[in-house]
2 protein chains.
Amino acid sequence: MLTERQLKIFQLIIDEFVKSARPIGSRIISENESISVSPATIRNVMADLEEMGFLKKTHSSSGRIPSQKGYRFYVDHLVTPVTKNISNVNVIRHILEDGFYEFEKVVQMSAEVLSDLTNYTTIILGPEVYETRLKQIQIVKLTAHTAIAILVTNTGLVEHRTFVIPAEINSSDIEKLVNILNERLAGIPMIQLSEKLDEELRLLIKHNINIVDTVLDHLKEVLKMEDELTAKLYFGGKANLLKQPEFKDIEKVHSFYSMMEEQDKIADILKRAEDTLQVTIGRENEYELIQDFTLVTAPYRLGNDYMGTIALIGPTRMQYRRTITLLKALSYEMTEAFYHWYKDSHLN
Amino acid sequence: MLTERQLKIFQLIIDEFVKSARPIGSRIISENESISVSPATIRNVMADLEEMGFLKKTHSSSGRIPSQKGYRFYVDHLVTPVTKNISNVNVIRHILEDGFYEFEKVVQMSAEVLSDLTNYTTIILGPEVYETRLKQIQIVKLTAHTAIAILVTNTGLVEHRTFVIPAEINSSDIEKLVNILNERLAGIPMIQLSEKLDEELRLLIKHNINIVDTVLDHLKEVLKMEDELTAKLYFGGKANLLKQPEFKDIEKVHSFYSMMEEQDKIADILKRAEDTLQVTIGRENEYELIQDFTLVTAPYRLGNDYMGTIALIGPTRMQYRRTITLLKALSYEMTEAFYHWYKDSHLN
DNA sequence: ATTAGCACTCAATGATGATGAGTGCTAACA
DNA sequence: TGTTAGCACTCATCATCATTGAGTGCTAAT
């Protein structure tokens with residue numbers, strides 16, 4: 001176990017390093033008011049901490065910087081349990097209360113605010129589509145041979161897609177079609193729509209409406225919506241990390257942005273974060289391109305059901321306390337907001 | 001006027017500089033097969049070109065790089081009139097043909113493809129909303145006290161927004177409301193919807209439907225859609241410029257990204273590009289933050305009406321011929337595609 | 001008009017030394 | 001026995017300086 005003094009010095013080193021991004025020497029620590037021992041003593045402590053693997057040097061006579069193990073320990077044992085930082089949490093709450101008009105916009109705004117507050121990059125994974133159900137479908141004839149299908153989900157997401165229709169089809173047929181679709185498909189999980197249409201509705205529709213098969217084929221394609229159905233990612237503060245000194249060479253910038261372009265990979269990782277707030281530091285990340293960073297993730301829920309994940313990416317030299325506090329707050333507030341928002345949508 | 005030899009050497013210098021991004025010396029030029037004079041002679045020619053303002057030096061004994069005036073001259077007089085680069089143009093055409101299912105996606109994909117083909121950053125300005133009209137409106141009740149209004153424009157754009165409704169209001173009232181709205185508002189320019197509702201429909205609606213004023217107030221707000229109504233920007237290849245050697249220092253990267261965040265400014269600039277293909281080089285740009293770059297813009301149309309602008313941002317050291325060819329091709333193809341797509345939408 | 005030759009300029013590179021922030025170790029001290 | 005002053009040592013950083021080489025402009029010869 002660590003002595004109290006060791007802990008204190010360790011914490012100070014982390015704090016200083018997070019501020020300055022430069023190796024911390026014994027002198028800087030000794031200048032802290034709360035420290036009454038000499039630099040030499042601190043050097044001894046530092047040597048101990050290094051031996052235990054919490055600190056490391058950049059070269060043989062440099063100051064110390066936290067190791068990955070050091071950060072891990074810091075996060076697990078030294079990050080004090082969320083002191084509610086009132087003003088910042090309020091910012092978040094206000095957004096969710098005032099601006100709660102639309103899922104996508106709320107999420108997008110949250111991502112941006114969180115990035116502004118932390119100076120890191122936010123990624124929010126939207127609700128799993130497996131969970132969302134069709135609320136209503138609408139078809140709007142746009143030109144003589146094209147129409148737009150609009151799908152509204154129970155989560156308030158609106159998806160739309162244009163498709164080709166034969167010129168012969170008339171408006172009242174479309175109206176009938178829409179009616180049948182709504183009667184039979186409302187409440188069905190989005191992921192099953194296409195299948196249901198094919199298996200259960202095709203005959204029914206053809207019985208009732210004078211409609212060509214191609215329309216149904218197109219509609220089936222529309223209902224598949226492969227791309228749209230995978231959960232969406234919302235980004236905030238993509239450019240924020242440019243401010244961090246660890247990005248002084250272009251190479252890192254480049255690799256960061258190519259990482260951010262691999263949305264499938266990112267989505268995969270965020271999907272796994274269903275449980276609770278998680279901090280994954282450097283090499284702990286499975287995905288290679290993130291191994292220079294720390295990823296902090298927290299789920300948000302609808303009631304008890306996992307809905308999606310909020311994530312922050314920053315340098316391993318991260319303001320962990322602040323980040324964790326804010327992320328916890330946001331995930332809590334989002335969960336709350338969604339609860340109030342949707343609590344009656346379960347009823348109908 | 002320039003002699004033929006001066007022209008040839010000038011062109012070679014530009015070509016070389018575009019490739020290498022390094023000042024070009026007389027030796028490099030003399031090594032070109034098509035040049036039969038000695039480096040000394042080339043130096044004389046270069047001195048002439050410099051005196052005329054087409055070239056400049058980075059220091060007193062360096063090779064030459066093109067000046068802004070040089071690029072201007074190159075673009076105006078030496079860029080050969082678009083030799084159709086078949087394979088690339090075909091890529092563009094395929095996207096527009098195969099993928100023409102939805103305006104937004106086509107535009108987004110075009111932006112990305114154009115960026116991939118050029119390695120610069122693409123910005124596409126969506127259709128002016130002043131030109132677009134309401135095709136149909138739909139209201140979907142989402143929860144007991146919220147509803148989503150969905151607006152489809154004649155250009156196939158789908159906008160939606162959630163708003164609060166009183167719990168009392170019932171579905172058949174909403175249906176009636178939607179009917180009236182569609183009867184009276186279809187074909188009206190998006191920009192006037194809110195006003196029309198207030199001035200002409202308020203009484204009519206209240207006459208026919210048992211509805212509270214607050215609903216209409218909310219609806220009026222929804223129809224305003226301030227943010228959504230300003231033409232949208234679609235980006236492609238935002239990270240591409242990182243590859244260019246002129247971005248080796250982080251400062252430039254940073255200023256580039258802050259420039260890209262000023263969407264209003266960018267939209268303003270692109271709106272002015274209604275006429276024809278324009279190349280604006282460095283300081284020719286009014287907007288300061290772009291003055292290190294070259295902006296190439298081309299409009300796309302619906303018939304003869306200006307719809308929006310396609311733009312490429314790259315370093316002044318740009319592959320002008322290629323860029324211009326591709327941009328012309330894309331603007332032509334988009335105009336064509338929209339024409340075929342919408343030609344009958346004028347009729348109804 | 002062209003070009004070989006030459007002196008000159010300057011960015012880029014690398015070697016050298018000084019500086020200083022930092023260490024570990026030893027010995028003295030409380 | 002834990003703390004600390006003192007000291008030799010390490011190494012990144014920075015400035016200085018010389019070298020190199022790619023480039024120029026000018027002059028004189030072709």
# chains A, B, ... in the order shown; residues from 1 in each chain; ligands from 1

call {"tool": "select_by_dssp", "arguments": {"residues": "segment 108-267 of chain A", "states": "helix (DSSP H, G or I)", "output": "PyMOL selection string"}}
result
chain A and resi 108-118+129-131+171-185+190-208+213-224+226-229+240-243+245-247+250-261+263-267

call {"tool": "interface_residues", "arguments": {"of": "chain A", "to": "chain C", "cutoff": "12 Å", "atoms": "only C-alpha atoms (C1' of nucleotides)", "output": "list of chain:residue names"}}
result
A:Arg22, A:Pro23, A:Ile24, A:Gly25, A:Ser26, A:Arg27, A:Ile28, A:Pro39, A:Ala40, A:Thr41, A:Ile42, A:Arg43, A:Asn44, A:Met46, A:Ala47, A:Lys57, A:Thr58, A:His59, A:Ser60, A:Ser61, A:Ser62, A:Gly63, A:Arg64

call {"tool": "residues_around", "arguments": {"residues": "segment 196-199 of chain A", "least_positions_apart": "4", "cutoff": "10 Å", "atoms": "only C-alpha atoms (C1' of nucleotides)", "output": "ChimeraX atom specification"}}
result
/A:181,184-185,188,191-192,203-205,216-217,219-220,223

call {"tool": "write_last_selection", "arguments": {"atoms": "C-alpha atoms", "output": "CSV table (one decimal), in the first residue's frame"}}
result
chain,number,residue,atom,x,y,z
A,181,LEU,CA,-48.9,0.0,-43.5
A,184,ARG,CA,-50.0,-3.3,-39.5
A,185,LEU,CA,-46.6,-1.9,-38.9
A,188,ILE,CA,-43.0,-3.1,-34.9
A,191,ILE,CA,-35.3,-3.8,-37.8
A,192,GLN,CA,-38.2,-6.1,-38.7
A,203,LEU,CA,-50.8,-10.4,-50.2
A,204,LEU,CA,-53.1,-8.2,-48.1
A,205,ILE,CA,-52.0,-5.2,-49.9
A,216,LEU,CA,-43.7,-3.2,-53.0
A,217,ASP,CA,-40.2,-4.3,-53.9
A,219,LEU,CA,-40.8,-0.1,-50.5
A,220,LYS,CA,-39.2,-3.2,-49.1
A,223,LEU,CA,-37.8,-0.2,-45.2

call {"tool": "select_by_dssp", "arguments": {"residues": "segment 94-267 of chain A", "states": "strand (DSSP E or B)", "output": "VMD selection string"}}
result
chain A and resid 121 to 125 133 to 143 146 to 153 158 to 164 189 233 to 236

call {"tool": "closest_atom_pairs", "arguments": {"of": "chain D", "to": "chain A", "cutoff": "8 Å", "atoms": "only C-alpha atoms (C1' of nucleotides)", "output": "tab-separated table"}}
result
residue	atom	partner	partner_atom	distance
D:DT3	C1'	A:Thr41	CA	6.7
D:DT4	C1'	A:Ala40	CA	6.4
D:DT10	C1'	A:Ser61	CA	5.5
D:DC11	C1'	A:Ser61	CA	6.5

call {"tool": "write_last_selection", "arguments": {"atoms": "C-alpha atoms (C1' of nucleotides)", "output": "short mmCIF file (atom, residue, chain, number, x, y, z; two decimals), in the first residue's frame"}}
result
data_model
loop_
_atom_site.label_atom_id
_atom_site.label_comp_id
_atom_site.auth_asym_id
_atom_site.auth_seq_id
_atom_site.Cartn_x
_atom_site.Cartn_y
_atom_site.Cartn_z
"C1'" DT D 3 15.34 13.64 6.43
"C1'" DT D 4 18.17 16.64 3.97
"C1'" DT D 10 22.88 13.08 -17.23
"C1'" DC D 11 20.59 14.85 -20.90
#

call {"tool": "interface_residues", "arguments": {"of": "chain A", "to": "chain B", "cutoff": "10 Å", "atoms": "only C-alpha atoms", "output": "PyMOL selection string"}}
result
chain A and resi 100-105+135-148+150+152-164+238-240+242-243+247-251+253-254+257-258+261+341-348

call {"tool": "residues_around", "arguments": {"residues": "Gln278 of chain A", "least_positions_apart": "5", "cutoff": "7 Å", "atoms": "only C-alpha atoms (C1' of nucleotides)", "output": "list in words"}}
result
Val296, Thr297 and Ala298 of chain A

call {"tool": "write_last_selection", "arguments": {"atoms": "N, CA and C atoms", "output": "mmCIF file, in the first residue's frame"}}
result
data_model
loop_
_atom_site.group_PDB
_atom_site.id
_atom_site.type_symbol
_atom_site.label_atom_id
_atom_site.label_comp_id
_atom_site.auth_asym_id
_atom_site.auth_seq_id
_atom_site.Cartn_x
_atom_site.Cartn_y
_atom_site.Cartn_z
ATOM 1 N N VAL A 296 -13.326 7.812 -22.338
ATOM 2 C CA VAL A 296 -14.230 7.717 -21.200
ATOM 3 C C VAL A 296 -15.639 7.533 -21.736
ATOM 4 N N THR A 297 -16.326 6.507 -21.272
ATOM 5 C CA THR A 297 -17.658 6.234 -21.800
ATOM 6 C C THR A 297 -18.677 6.119 -20.683
ATOM 7 N N ALA A 298 -19.893 6.549 -20.981
ATOM 8 C CA ALA A 298 -20.995 6.369 -20.037
ATOM 9 C C ALA A 298 -22.258 6.114 -20.834
#

call {"tool": "residues_around", "arguments": {"residues": "Val75 of chain B", "least_positions_apart": "5", "cutoff": "12 Å", "atoms": "only C-alpha atoms (C1' of nucleotides)", "output": "list in words"}}
result
Gln11, Ile14, Pro66, Gln68, Lys69, Gly70, Thr80, Pro81, Val82, Leu277, Gln278, Val279, Thr280, Ile281, Thr294, Val296, Thr316, Arg317, Met318, Gln319, Tyr320, Arg321, Arg322, Thr323, Ile324 and Thr325 of chain B

call {"tool": "write_last_selection", "arguments": {"atoms": "C-alpha atoms", "output": "PDB file, in the first residue's frame"}}
result
ATOM      1  CA  GLN B  11       4.033  26.501 -67.371  1.00  0.00           C
ATOM      2  CA  ILE B  14       3.968  25.901 -62.266  1.00  0.00           C
ATOM      3  CA  PRO B  66       4.609  31.276 -58.867  1.00  0.00           C
ATOM      4  CA  GLN B  68      -0.497  35.081 -57.050  1.00  0.00           C
ATOM      5  CA  LYS B  69      -0.489  37.043 -60.281  1.00  0.00           C
ATOM      6  CA  GLY B  70       1.261  34.061 -61.847  1.00  0.00           C
ATOM      7  CA  THR B  80      -6.592  24.276 -71.440  1.00  0.00           C
ATOM      8  CA  PRO B  81     -10.330  24.082 -72.017  1.00  0.00           C
ATOM      9  CA  VAL B  82     -11.390  20.958 -70.140  1.00  0.00           C
ATOM     10  CA  LEU B 277     -16.979  28.683 -62.620  1.00  0.00           C
ATOM     11  CA  GLN B 278     -14.790  31.034 -60.636  1.00  0.00           C
ATOM     12  CA  VAL B 279     -11.296  30.686 -59.310  1.00  0.00           C
ATOM     13  CA  THR B 280     -10.384  32.981 -56.450  1.00  0.00           C
ATOM     14  CA  ILE B 281      -6.742  32.857 -55.557  1.00  0.00           C
ATOM     15  CA  THR B 294      -7.603  29.078 -53.455  1.00  0.00           C
ATOM     16  CA  VAL B 296     -12.889  27.303 -56.812  1.00  0.00           C
ATOM     17  CA  THR B 316      -2.915  28.174 -53.969  1.00  0.00           C
ATOM     18  CA  ARG B 317      -0.472  25.595 -55.274  1.00  0.00           C
ATOM     19  CA  MET B 318      -3.364  23.670 -56.720  1.00  0.00           C
ATOM     20  CA  GLN B 319      -3.819  21.271 -59.599  1.00  0.00           C
ATOM     21  CA  TYR B 320      -5.929  23.856 -61.344  1.00  0.00           C
ATOM     22  CA  ARG B 321      -6.555  21.990 -64.540  1.00  0.00           C
ATOM     23  CA  ARG B 322      -7.719  18.879 -62.805  1.00  0.00           C
ATOM     24  CA  THR B 323      -9.744  20.736 -60.220  1.00  0.00           C
ATOM     25  CA  ILE B 324     -11.478  22.893 -62.767  1.00  0.00           C
ATOM     26  CA  THR B 325     -12.235  19.954 -65.010  1.00  0.00           C
TER      27      THR B 325
END

call {"tool": "residues_around", "arguments": {"residues": "segment 114-120 of chain B", "least_positions_apart": "6", "cutoff": "7 Å", "atoms": "only C-alpha atoms (C1' of nucleotides)", "output": "PyMOL selection string"}}
result
chain B and resi 236-237+240-241+312-314+323

call {"tool": "write_last_selection", "arguments": {"atoms": "C-alpha atoms", "output": "short mmCIF file (atom, residue, chain, number, x, y, z; two decimals), in the first residue's frame"}}
result
data_model
loop_
_atom_site.label_atom_id
_atom_site.label_comp_id
_atom_site.auth_asym_id
_atom_site.auth_seq_id
_atom_site.Cartn_x
_atom_site.Cartn_y
_atom_site.Cartn_z
CA GLY B 236 -16.34 16.49 -47.88
CA GLY B 237 -12.74 15.67 -47.14
CA ASN B 240 -7.68 16.10 -46.74
CA LEU B 241 -5.65 19.24 -46.51
CA LEU B 312 -13.29 23.32 -53.56
CA ILE B 313 -10.76 24.75 -51.15
CA GLY B 314 -7.13 23.90 -51.62
CA THR B 323 -9.74 20.74 -60.22
#

call {"tool": "decode", "arguments": {"residues": "segment 11-67 of chain B", "atoms": "C-alpha atoms", "output": "PDB file, in the first residue's frame"}}
result
ATOM      1  CA  GLN B  11       4.033  26.501 -67.371  1.00  0.00           C
ATOM      2  CA  LEU B  12       6.773  24.045 -66.499  1.00  0.00           C
ATOM      3  CA  ILE B  13       7.577  25.973 -63.349  1.00  0.00           C
ATOM      4  CA  ILE B  14       3.968  25.901 -62.266  1.00  0.00           C
ATOM      5  CA  ASP B  15       3.646  22.211 -63.000  1.00  0.00           C
ATOM      6  CA  GLU B  16       6.805  21.374 -61.124  1.00  0.00           C
ATOM      7  CA  PHE B  17       5.906  23.536 -58.182  1.00  0.00           C
ATOM      8  CA  VAL B  18       2.460  22.041 -57.940  1.00  0.00           C
ATOM      9  CA  LYS B  19       4.098  18.646 -57.778  1.00  0.00           C
ATOM     10  CA  SER B  20       6.943  19.331 -55.407  1.00  0.00           C
ATOM     11  CA  ALA B  21       5.876  22.383 -53.397  1.00  0.00           C
ATOM     12  CA  ARG B  22       9.522  23.465 -53.467  1.00  0.00           C
ATOM     13  CA  PRO B  23      11.045  26.466 -55.252  1.00  0.00           C
ATOM     14  CA  ILE B  24      12.026  25.542 -58.796  1.00  0.00           C
ATOM     15  CA  GLY B  25      15.538  26.276 -60.063  1.00  0.00           C
ATOM     16  CA  SER B  26      16.773  26.708 -63.598  1.00  0.00           C
ATOM     17  CA  ARG B  27      18.430  23.335 -63.551  1.00  0.00           C
ATOM     18  CA  ILE B  28      15.230  21.370 -62.990  1.00  0.00           C
ATOM     19  CA  ILE B  29      13.574  23.106 -65.900  1.00  0.00           C
ATOM     20  CA  SER B  30      16.551  22.569 -68.182  1.00  0.00           C
ATOM     21  CA  GLU B  31      16.402  18.862 -67.515  1.00  0.00           C
ATOM     22  CA  ASN B  32      12.991  18.665 -69.125  1.00  0.00           C
ATOM     23  CA  GLU B  33      13.204  16.968 -72.511  1.00  0.00           C
ATOM     24  CA  SER B  34      11.240  19.603 -74.319  1.00  0.00           C
ATOM     25  CA  ILE B  35      13.715  22.297 -73.249  1.00  0.00           C
ATOM     26  CA  SER B  36      16.882  22.642 -75.305  1.00  0.00           C
ATOM     27  CA  VAL B  37      18.454  25.747 -73.840  1.00  0.00           C
ATOM     28  CA  SER B  38      20.911  25.971 -70.988  1.00  0.00           C
ATOM     29  CA  PRO B  39      20.140  26.784 -67.384  1.00  0.00           C
ATOM     30  CA  ALA B  40      21.681  30.195 -67.832  1.00  0.00           C
ATOM     31  CA  THR B  41      19.203  31.066 -70.529  1.00  0.00           C
ATOM     32  CA  ILE B  42      16.398  29.818 -68.374  1.00  0.00           C
ATOM     33  CA  ARG B  43      17.641  32.022 -65.584  1.00  0.00           C
ATOM     34  CA  ASN B  44      17.320  34.977 -67.893  1.00  0.00           C
ATOM     35  CA  VAL B  45      13.791  34.006 -68.790  1.00  0.00           C
ATOM     36  CA  MET B  46      12.961  33.499 -65.149  1.00  0.00           C
ATOM     37  CA  ALA B  47      14.301  36.945 -64.346  1.00  0.00           C
ATOM     38  CA  ASP B  48      12.031  38.375 -67.019  1.00  0.00           C
ATOM     39  CA  LEU B  49       9.014  36.497 -65.673  1.00  0.00           C
ATOM     40  CA  GLU B  50       9.829  37.692 -62.217  1.00  0.00           C
ATOM     41  CA  GLU B  51      10.054  41.282 -63.394  1.00  0.00           C
ATOM     42  CA  MET B  52       6.633  40.891 -64.941  1.00  0.00           C
ATOM     43  CA  GLY B  53       5.329  39.700 -61.603  1.00  0.00           C
ATOM     44  CA  PHE B  54       4.492  36.108 -62.488  1.00  0.00           C
ATOM     45  CA  LEU B  55       7.189  34.538 -60.381  1.00  0.00           C
ATOM     46  CA  LYS B  56       8.853  35.333 -57.111  1.00  0.00           C
ATOM     47  CA  LYS B  57      11.691  34.073 -54.964  1.00  0.00           C
ATOM     48  CA  THR B  58      11.532  32.929 -51.386  1.00  0.00           C
ATOM     49  CA  HIS B  59      14.978  34.431 -50.754  1.00  0.00           C
ATOM     50  CA  SER B  60      17.599  36.122 -52.851  1.00  0.00           C
ATOM     51  CA  SER B  61      19.252  32.984 -54.158  1.00  0.00           C
ATOM     52  CA  SER B  62      16.352  30.591 -54.138  1.00  0.00           C
ATOM     53  CA  GLY B  63      14.522  29.064 -57.065  1.00  0.00           C
ATOM     54  CA  ARG B  64      11.257  30.583 -58.227  1.00  0.00           C
ATOM     55  CA  ILE B  65       7.711  29.955 -57.127  1.00  0.00           C
ATOM     56  CA  PRO B  66       4.609  31.276 -58.867  1.00  0.00           C
ATOM     57  CA  SER B  67       3.194  34.520 -57.513  1.00  0.00           C
TER      58      SER B  67
END
